[in-house]
Amino acid sequence: MGHIEKSLILIKPDAVERHVTGKIIDIYESNGLRLIALKMIKVDEELAKTHYAEHSGKIFFDELIRYITRSPLIAAIVEGQNAIEKVRKLNGNTNPEMAEYGTIRKKFGVNKTENSVHSSDCGENAEKEISLWFPEIEQI
Ligand code: CMP
């Protein structure tokens, strides 16, 4: 079994640009996850750098910030049994080339930077990311 969790999802600029957001949301919903919040925003540099703070200083950081701020993305919160691990499995490996067949990144990802989706990697980060991306929502 497991317990009910929430995870923060980003459907990133490359996926919005290629009109596949509906297909991606369908995959989460078809796998028992419930959308409890969703919005489209063009991310500013400050939010991008806060979200990706752990990658600050890495060689791909500047490219990552440029990419995530270049056009609107969708931020969403999903809820369900073992949501964090479930979403990670549905997303697949960070690198679309390495991702398992059937995963979102294998189907839609372009490369390591433009990999279509982001999701929280653990409970602690899910809480942090939910309050960062949805400060208007009361925390539980
Ligand atoms: P995400 O799950 O959003 O978390 C960090 C992001 O950094 C990751 O997805 C990729 O988009 C990006 N990333 C991670 N590793 C690399 C890399 N080696 N080169 C370029 N981008 C990367």
# chains A, B, ... in the order shown; residues from 1 in each chain; ligands from 1

call {"tool": "residues_near_ligand", "arguments": {"ligand": "ligand 1", "cutoff": "10 Å", "atoms": "only C-alpha atoms and all ligand atoms", "output": "ChimeraX atom specification"}}
result
/A:9-12,51-55,58-65,67-68,88,91-96,109,111-121

call {"tool": "residues_around", "arguments": {"residues": "Gly2 (chain A)", "least_positions_apart": "2", "cutoff": "12 Å", "atoms": "only C-alpha atoms", "output": "count of residues only"}}
result
9

call {"tool": "select_by_dssp", "arguments": {"residues": "chain A", "states": "strand (DSSP E or B)", "output": "PyMOL selection string"}}
result
chain A and resi 4-11+34-41+73-81+117-119

call {"tool": "residues_around", "arguments": {"residues": "region 127-133 of chain A", "least_positions_apart": "4", "cutoff": "10 Å", "atoms": "only C-alpha atoms", "output": "PyMOL selection string"}}
result
chain A and resi 6-10+37+39+41+43+47+50-51+75-77+119-120+122-123+137-140

call {"tool": "write_last_selection", "arguments": {"atoms": "C-alpha atoms", "output": "PDB file, in the first residue's frame"}}
result
ATOM      1  CA  LYS A   6       1.583  15.234  -2.787  1.00  0.00           C
ATOM      2  CA  SER A   7       4.230  15.954  -5.422  1.00  0.00           C
ATOM      3  CA  LEU A   8       5.090  19.095  -7.356  1.00  0.00           C
ATOM      4  CA  ILE A   9       5.173  18.673 -11.108  1.00  0.00           C
ATOM      5  CA  LEU A  10       6.461  21.007 -13.802  1.00  0.00           C
ATOM      6  CA  ALA A  37      -3.620  22.642  -8.233  1.00  0.00           C
ATOM      7  CA  LYS A  39      -1.295  26.988 -13.284  1.00  0.00           C
ATOM      8  CA  ILE A  41       3.388  30.795 -15.697  1.00  0.00           C
ATOM      9  CA  VAL A  43       9.048  31.755 -14.781  1.00  0.00           C
ATOM     10  CA  LEU A  47      12.089  31.675  -9.130  1.00  0.00           C
ATOM     11  CA  THR A  50      15.585  29.303  -6.240  1.00  0.00           C
ATOM     12  CA  HIS A  51      13.990  26.142  -7.627  1.00  0.00           C
ATOM     13  CA  ALA A  75       3.176  23.890 -12.501  1.00  0.00           C
ATOM     14  CA  ALA A  76       0.861  21.432 -10.795  1.00  0.00           C
ATOM     15  CA  ILE A  77       0.383  19.561  -7.547  1.00  0.00           C
ATOM     16  CA  SER A 119       8.907  16.302 -10.174  1.00  0.00           C
ATOM     17  CA  SER A 120       9.835  16.372  -6.507  1.00  0.00           C
ATOM     18  CA  CYS A 122      11.456  13.250  -1.892  1.00  0.00           C
ATOM     19  CA  GLY A 123       8.911  14.328   0.704  1.00  0.00           C
ATOM     20  CA  ILE A 137      -2.064  27.566  -1.130  1.00  0.00           C
ATOM     21  CA  GLU A 138      -2.320  26.857   2.570  1.00  0.00           C
ATOM     22  CA  GLN A 139       0.121  24.156   3.617  1.00  0.00           C
ATOM     23  CA  ILE A 140      -1.136  21.030   5.317  1.00  0.00           C
TER      24      ILE A 140
END

call {"tool": "select_by_dssp", "arguments": {"residues": "chain A", "states": "helix (DSSP H, G or I)", "output": "PyMOL selection string"}}
result
chain A and resi 13-17+21-30+45-51+53-55+61-68+83-91+104-108+123-133

call {"tool": "atom_distance", "arguments": {"atom1": "CA of Glu17 (chain A)", "atom2": "CA of Arg70 (chain A)"}}
result
10.3 Å

call {"tool": "residues_around", "arguments": {"residues": "Lys89 (chain A)", "least_positions_apart": "6", "cutoff": "10 Å", "atoms": "only C-alpha atoms", "output": "JSON, numbers by chain"}}
result
{"A": [83, 99, 100, 103, 104]}

call {"tool": "write_last_selection", "arguments": {"atoms": "all heavy atoms", "output": "short mmCIF file (atom, residue, chain, number, x, y, z; two decimals), in the first residue's frame"}}
result
data_model
loop_
_atom_site.label_atom_id
_atom_site.label_comp_id
_atom_site.auth_asym_id
_atom_site.auth_seq_id
_atom_site.Cartn_x
_atom_site.Cartn_y
_atom_site.Cartn_z
N ALA A 83 2.61 9.16 -4.25
CA ALA A 83 2.66 10.06 -5.41
C ALA A 83 4.10 10.40 -5.83
O ALA A 83 4.38 10.47 -7.03
CB ALA A 83 1.88 11.34 -5.12
N ALA A 99 16.10 6.85 -20.46
CA ALA A 99 14.80 6.58 -19.83
C ALA A 99 14.17 5.31 -20.40
O ALA A 99 14.34 4.97 -21.57
CB ALA A 99 13.87 7.78 -20.04
N GLU A 100 13.44 4.61 -19.52
CA GLU A 100 12.77 3.37 -19.89
C GLU A 100 11.67 3.66 -20.92
O GLU A 100 11.02 4.71 -20.86
CB GLU A 100 12.13 2.74 -18.63
CG GLU A 100 13.09 2.45 -17.49
CD GLU A 100 13.53 3.69 -16.69
OE1 GLU A 100 13.08 4.82 -16.98
OE2 GLU A 100 14.37 3.51 -15.79
N THR A 103 8.03 5.74 -20.56
CA THR A 103 8.07 6.87 -19.62
C THR A 103 7.88 8.19 -20.36
O THR A 103 8.06 8.28 -21.58
CB THR A 103 9.39 6.91 -18.83
OG1 THR A 103 10.47 7.09 -19.75
CG2 THR A 103 9.60 5.63 -18.03
N ILE A 104 7.49 9.20 -19.59
CA ILE A 104 7.21 10.52 -20.19
C ILE A 104 8.47 11.09 -20.84
O ILE A 104 8.41 11.62 -21.96
CB ILE A 104 6.66 11.47 -19.11
CG1 ILE A 104 5.27 11.00 -18.68
CG2 ILE A 104 6.62 12.93 -19.61
CD1 ILE A 104 4.70 11.71 -17.46
#

call {"tool": "atom_distance", "arguments": {"atom1": "CA of Gly57 (chain A)", "atom2": "CA of Met98 (chain A)"}}
result
24.3 Å

call {"tool": "atom_distance", "arguments": {"atom1": "CA of Lys42 (chain A)", "atom2": "CA of Arg18 (chain A)"}}
result
15.9 Å
